[in-house]
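Q: Once you've had a glance at the structure underneath, I'll fire off some questions.
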There are 4 protein chains.
Amino acid sequence: MQDYPIYLAGTFIRTSEKLEVNNPYTQRVFATTYVAGKLEIEQAIIQGKAAEKVMRDMPIYKRYEILMQIAQGLQTDKLRLAQVLAQESGKPMRYALGELDRAIQTFIIAAEECKRIPGEYFSIDWTPSGHGKEGLVKYVPVGLIAGISPFNFPLNLAVHKIAPAIASGNPIILKPARSTPLSVLELAKIIDQTDLPKGAISLFPTDREAGNQLVTDERIKKLTFTGSPEVGWKMKKEAGNKKITLELGGNAGVIVSQDTDIAKAVQKCLVGSFAYSGQVCIHVQRIYVQEKVFDNFIELFKQGTDQLKFGDPLQQETDISAMIDETNAIRVENWVNDAVSDGALVLSGGKRKGTYYEPTIITQTKPMMNVCALEVFGPVVTVEKYSDFKDAVHQINQSQYGLQAGVFTNAVDEINYAFNELEVGGVIHNDVPTFRVDHMPYGGVKNSGYGREGVKYAMMEMMEPRLLVKEK
Amino acid sequence: MQDYPIYLAGTFIRTSEKLEVNNPYTQRVFATTYVAGKLEIEQAIIQGKAAEKVMRDMPIYKRYEILMQIAQGLQTDKLRLAQVLAQESGKPMRYALGELDRAIQTFIIAAEECKRIPGEYFSIDWTPSGHGKEGLVKYVPVGLIAGISPFNFPLNLAVHKIAPAIASGNPIILKPARSTPLSVLELAKIIDQTDLPKGAISLFPTDREAGNQLVTDERIKKLTFTGSPEVGWKMKKEAGNKKITLELGGNAGVIVSQDTDIAKAVQKCLVGSFAYSGQVCIHVQRIYVQEKVFDNFIELFKQGTDQLKFGDPLQQETDISAMIDETNAIRVENWVNDAVSDGALVLSGGKRKGTYYEPTIITQTKPMMNVCALEVFGPVVTVEKYSDFKDAVHQINQSQYGLQAGVFTNAVDEINYAFNELEVGGVIHNDVPTFRVDHMPYGGVKNSGYGREGVKYAMMEMMEPRLLVKEK
Amino acid sequence: MQDYPIYLAGTFIRTSEKLEVNNPYTQRVFATTYVAGKLEIEQAIIQGKAAEKVMRDMPIYKRYEILMQIAQGLQTDKLRLAQVLAQESGKPMRYALGELDRAIQTFIIAAEECKRIPGEYFSIDWTPSGHGKEGLVKYVPVGLIAGISPFNFPLNLAVHKIAPAIASGNPIILKPARSTPLSVLELAKIIDQTDLPKGAISLFPTDREAGNQLVTDERIKKLTFTGSPEVGWKMKKEAGNKKITLELGGNAGVIVSQDTDIAKAVQKCLVGSFAYSGQVCIHVQRIYVQEKVFDNFIELFKQGTDQLKFGDPLQQETDISAMIDETNAIRVENWVNDAVSDGALVLSGGKRKGTYYEPTIITQTKPMMNVCALEVFGPVVTVEKYSDFKDAVHQINQSQYGLQAGVFTNAVDEINYAFNELEVGGVIHNDVPTFRVDHMPYGGVKNSGYGREGVKYAMMEMMEPRLLVKEK
Amino acid sequence: MQDYPIYLAGTFIRTSEKLEVNNPYTQRVFATTYVAGKLEIEQAIIQGKAAEKVMRDMPIYKRYEILMQIAQGLQTDKLRLAQVLAQESGKPMRYALGELDRAIQTFIIAAEECKRIPGEYFSIDWTPSGHGKEGLVKYVPVGLIAGISPFNFPLNLAVHKIAPAIASGNPIILKPARSTPLSVLELAKIIDQTDLPKGAISLFPTDREAGNQLVTDERIKKLTFTGSPEVGWKMKKEAGNKKITLELGGNAGVIVSQDTDIAKAVQKCLVGSFAYSGQVCIHVQRIYVQEKVFDNFIELFKQGTDQLKFGDPLQQETDISAMIDETNAIRVENWVNDAVSDGALVLSGGKRKGTYYEPTIITQTKPMMNVCALEVFGPVVTVEKYSDFKDAVHQINQSQYGLQAGVFTNAVDEINYAFNELEVGGVIHNDVPTFRVDHMPYGGVKNSGYGREGVKYAMMEMMEPRLLVKEK
């Protein structure tokens, strides 16, 4: 059984607290690693602070080279790394390989973006008091960053913090989820081969109590968290003077208008609803279908759902596998059962076997049911009909969340209305809200988040403008 | 009868060659002015060159103040100026007042844009050879500019050269059309009240031969011309080393899809087709209507056309008045008659009375007829039906011109296709190609032009980037 | 004695709690107004929320018109308004008139910037997963804003919240300092004359307890505060999920290198140190002079200081007047006396008469003295000599604050070093840190602030990006 | 002896007209290739036009992949390709390898920039006439491009046309210099391995007469030429309606102020003056040294020059080798001799041996001498003293050219003055005008050029804006 040391400021170490990593599908421990305690966190902070200046002053070609080397390292070992990721997370290989591709992209984009950190150069003499002067703005790194990433994209959501940190000239301490620390520790081995200064990066899981220092310590200048809304908003209060970015969850909605390609909409919704058992922040949770095409949609959608193949994440043909743990599977089971008790109708799925929960379609729900109102983070989707497009938009907005939304329509006035009125970070036209490419601005409004990721946008939140007013 | 001296480098003068200005509607001379000859042009150039440095070094707040004073001056005297404009051009007051409003806007926008002349500030160290360096780019004025403007918007198309020239720190010599020099000379009086350095601007008509020096003289660094394609492209060849912008004509097309508000489309097309007797670069010349709505469109369009009121441009209720001169009215008459001889059908209008040509709708045309293939620059529009949207786009592209096009549709795939495939400078959704606001980029592709106007865009073509590679 | 009703959501009202406004120079009440309580704040919030949609949907030309009307209103009544401002704040007329000019500018800039709210339009197909798609980003208003502004620029620092709020399409509740609410209430009268929707703006002082609801209430989406660091950072913790901007104070430093125009540096430092008795966030508090020019600088600086004329703020020739209140004057007195006890030397000033504290120069200080380490917010400046430029930069950085810094030098390597190393929001070359024009990005790092103002920058912090991924 | 077929629209072919390629150092033919005639040019145009649509519609990820594959191909075979380049051009290996590195960079930058082709998204409703509308601008490829590149950077100056053409979605026909066609034909082999559509690129030398069709043919939409001013400006006149970019030559100047590191300035000037025998557009031709440091500069500069090692370009230790041909060497010889006859003094070099001309320093020149006033394009540099900085700037401006200039100084006021007043495309601080990195904007003013290269800037000149005014 493989044992992974953790990565503390450029050194691989083992601590006194061992951590067993479980395969959610087999329910067996398949690797071990270690938890960082107070001492290691203190070390990571001290060495991170010490690396601030060298990171800030690192020339662009050096940053570029390091980031591209990491991308290359991931590329070279892609299959094996995807297998590690599939095992720790229960994510089917198809999606695990996709995540590797995206992590590679994220590093490449960061390499490109560090060349293009924006500067501003503008006139100051708009009034006589600015006579003879002009202005420059450059963006300088904020300093030591703490990143906290979740289990569902164990690699790429960590990379969305690490790559921008390097590109923007900042050291970072990254804490992955305790259940899925391995792909990040594999990444650490690749990073260790580069010229990145020792101290510029630490990667390790922690226990929650010790880990909270990453939130509260004032030597850390920026906290970037991806995870649940409850934890995120609590962190905002505890974060002191530091800057924060919160990428939280949602209950993303889709509208399927009559004037669209239903078969395509169904195909997209199948992936959006059930990929990685719906354990995705922008998982399709609520679908609103125009009444004229509702029956057609339901029929095709059920067909598609019934054909999804359950199995071992390491098997290529597997569409859906175990959820991350039984606790979550039971939670989802309860929510669905509660909905049914309250009048909802299960059209497909609806059963649990251990850590596996079937891909499940529900209809005749009420907005206040948990399966609608909270983030289900499981393979469950509700489908309801609407008659007026504006009403469907209103339904989606009736939520504490606002991450992304999908709209299938060919009507200009509908897509315009949706873009004007949907209270979300992103509207995806003719696709599901689950759509994301790594360079686009990504993040939520309302309770879904604070700030934006997407390499360039994440970098901007890791820097501060510095103005020079100069004579011209 | 009012006599207007011309404006030579900050001085109002009279030359030996007097010019009578005709009212196209009354066919009577109503004012006089003067033509600049070789001597005056030489003086304008010499003094323009002498003003280059002071214009370049003028602080932003000074440029802003001058431009806003001019806008204010036009505002204060708007009604009288519109009357001058209406008389010299035959443009009905409603449109003359609109032109005044737009000229005021153009100066205001220029005032705002001079504050925002872009600078660039970027990293140079993408490779080790750039180590320790960074880059700045500022935009510096090119130097003396020659502007040549047409009769159809005697004020605002001159202002689209004058205002950006001032805003970008360049002196300019502006030659209006010989038939419509008065509103520009009124503008000269307002400019003369400001602190604009003497020499920074000259405004006068010339005879064509002497005027050609504005095209060929190498001391002039930039030529910006609005007028006919033939003249424009010839100038490009003769312009020597100088930069050029050409705003030429077209035979703009409109598509009316079935999935749109026909009454609104008709209303817009009436203005686009017949405002100022179609003497507009982006006048609606060719309309393609989806076959399902063709009859409906035609019926409403004819109704609307028949209600247009001919009369004195000075009368408020006049919709349409005389063309600029009888030569042009006869030309339009001949083109329509030729089309009819070749099989086309006149649905409305089709007759000439002196300088007045009726608003005219033709159908059953062939693409090679003059009324389709050339720029009609008169109150004539062709309407044809189509069945496939892509075919309508193809029809519009079957032209040597490409200025703007209008597309009325509510289908996303249609407007996307149009924006991807229409070979024009601008696609106007749910409106006519005649749509223009003064800050948008404006200009044609193919034989319709070279470069762009629209205040900010015109300014960019009047400046050159200058790079500083500096140590950081 | 004039009585000012407060402005609650478009209505001028009086509450049960009267507030007397004092003239710091005469120490006499010269006007009265009212304090908003819980009830009025609740009303302002409810009506502010109700105005969110109309503000968001307001077309640009309407926003522009309103903002320009306000600028015009201030211009028309400038002298009288400056007198109100001078009386409530004790600010000499010269500076009060300057503040009026800047407030006018701030509205004009906001009018211009609302036209230029940035949008993004970019390719999505960087990988095959984005095939056929492209992206748009527009910035949408966050919703109801709370602004809290300080006494020292009673008008313009409020305007730096109000004008961007209107320009970005947000309603705002603005709470001025209790000591200086009148110029803002004068502004309310001007705003009331425009078409700004009722409810879009409320302006009133509150008591601290009730006012804290503006910080904590989750219906408010953004808090923008200008004031003291202690209060600001506490607000960050209490602000819940809302966005925040904090413009706090500092102990701004200036470096005077040997290679500069000493007389000019002295002239600038006199204004930077003593204008409005140093009650300015970017007041010059610490001057570091190269040893070769130290004696020369000190001599001229003392001369200049001794010539400053104390008097009534309403008198044109007054350079310096009373501090805002005696409490603050006594605090400053104590700090200076403490410094002297600890070895510092007073070179000029150092005495208090009631609310007046003399312009005071100290030397031979130690970094931990209050006059160095804390924000003095009074007419006190320390001057010390340095031998190595890098050491002077280091001295300035030895501070918990980082707002702006001034550097007088003609050496390229020195100004480059300063811009690279000074831990501040802005470096001002050949001028004092007190330099500010209203369109430049303004704000501090370290304990001096969070986020940026300066019209465009403030607007960006009042909007959120919304992405559309569309088919192309 | 290797025989290189030419590359016609995706096919390697041989024509009836063979072309022998000479090694300027050995003066022996070492390879053969072919000249394209009228027929081949017509074919290239026809197939280039046919490729316009597929190039325009090619997704970004495909363009990126192709460009990166080419960069990789050059990287893999770098040494051999540098040897080909060294042999055809006489460029010493050190510089030939440098050119390979830069060509690789140019392709990488183009790959990155195609992802970032700018779009604009802005408000239209600045006045009521734009109510409810907003604007988009995308940049669309102009269509078939003709590129003509010179002998001195046979690879990278061709790549500066090819890479941006691909990145911006345009087909291109590239004509290298007849004396140095081989490195480009090697590049063709690498391009042929990619998925670039056949027809999208043709690469071949032509005879001048047939080649002129690339200038005049109206099916070609853009001409981009790098070469001599005489040829370039003539092309502008003959280019018809097409867009043009001209990268021409100059007589670049350097200022060495007293306040700088003389040893470093000398080191930079040695490379700038004599690398590749001065056959570089931005070769250092005129050096102005402040009188206080003139003697010191001259002494070190002579020492450095005398140590340059002449030899075979293929030898690693060679600093300087043969000029491109004897004609040019004789021309340079004559110019120097003429200068001497007219009173100039040769401080170093001044002799010719066949195609080799010694690195030559001259002083006591007059501005009208050919070695000063014309582009020497050989290893000759003049050095003169100045007393006042402004005078040195004036000297550099006394030229028909304005490409780049170098300024060595540590005085802020000097570098500011230089950036404000030098009439050039680029000012290089503390380095020679010869400095260029491939992403910076590059190009001349006055007779030195028209438009800009530098990947992003070249791409912008290969596209046209297309506006969409849409409902929002």
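Letters for chains follow the order of the structure tokens (A, B, ...), residue numbers begin at 1 for each chain, and ligand numbers begin at 1 in the order shown.
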Could you list, as number ranges by chain, every residue within 10 Å of Pro154 (chain D), counting only C-alpha atoms and ignoring same-chain residues fewer than 2 positions away?
A: D: 85-86, 88-89, 96, 99, 149-152, 156-159, 176-177, 179-184
Q: Please find the residues of chain C near chain B - the criterion being any atom within 8 Å, counting only C-alpha atoms - and write them as a list in words.
A: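 Taken together, these residues fit the definition: Glu112, Asn416, Asn420, Glu471 and Lys472 of chain C.
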Q: Once you have the residues from the selection above, write them out as a compact mmCIF listing (two decimals), in the first residue's frame, restricted to C-alpha atoms.
A:
# COMPACT_ATOMS: atom_id res chain seq x y z
CA GLU C 112 -18.49 59.81 -18.09
CA ASN C 416 12.19 52.63 -9.67
CA ASN C 420 9.03 48.43 -6.47
CA GLU C 471 -23.10 29.95 -29.17
CA LYS C 472 -21.29 31.89 -31.82
Q: Of the candidates A:Gly378, A:Gly143, A:Gly90, A:Gly349, which one gets nearest to Arg28 (chain A) if we count only C-alpha atoms?
A: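 So, comparing all the options, the nearest one is A:Gly90.
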Q: Where does DSSP see alpha helix (DSSP H) in region 36-284 of chain C, if you list the residues as a ChimeraX atom specification?
A: /C:38-50,52-57,60-76,78-89,93-114,156-167,182-192,208-211,213-216,229-238,262-274
Q: May I ask for the distance between CA of Lys309 (chain C) and CA of Thr434 (chain C), given in Å to one decimal place?
A: 20.3 Å
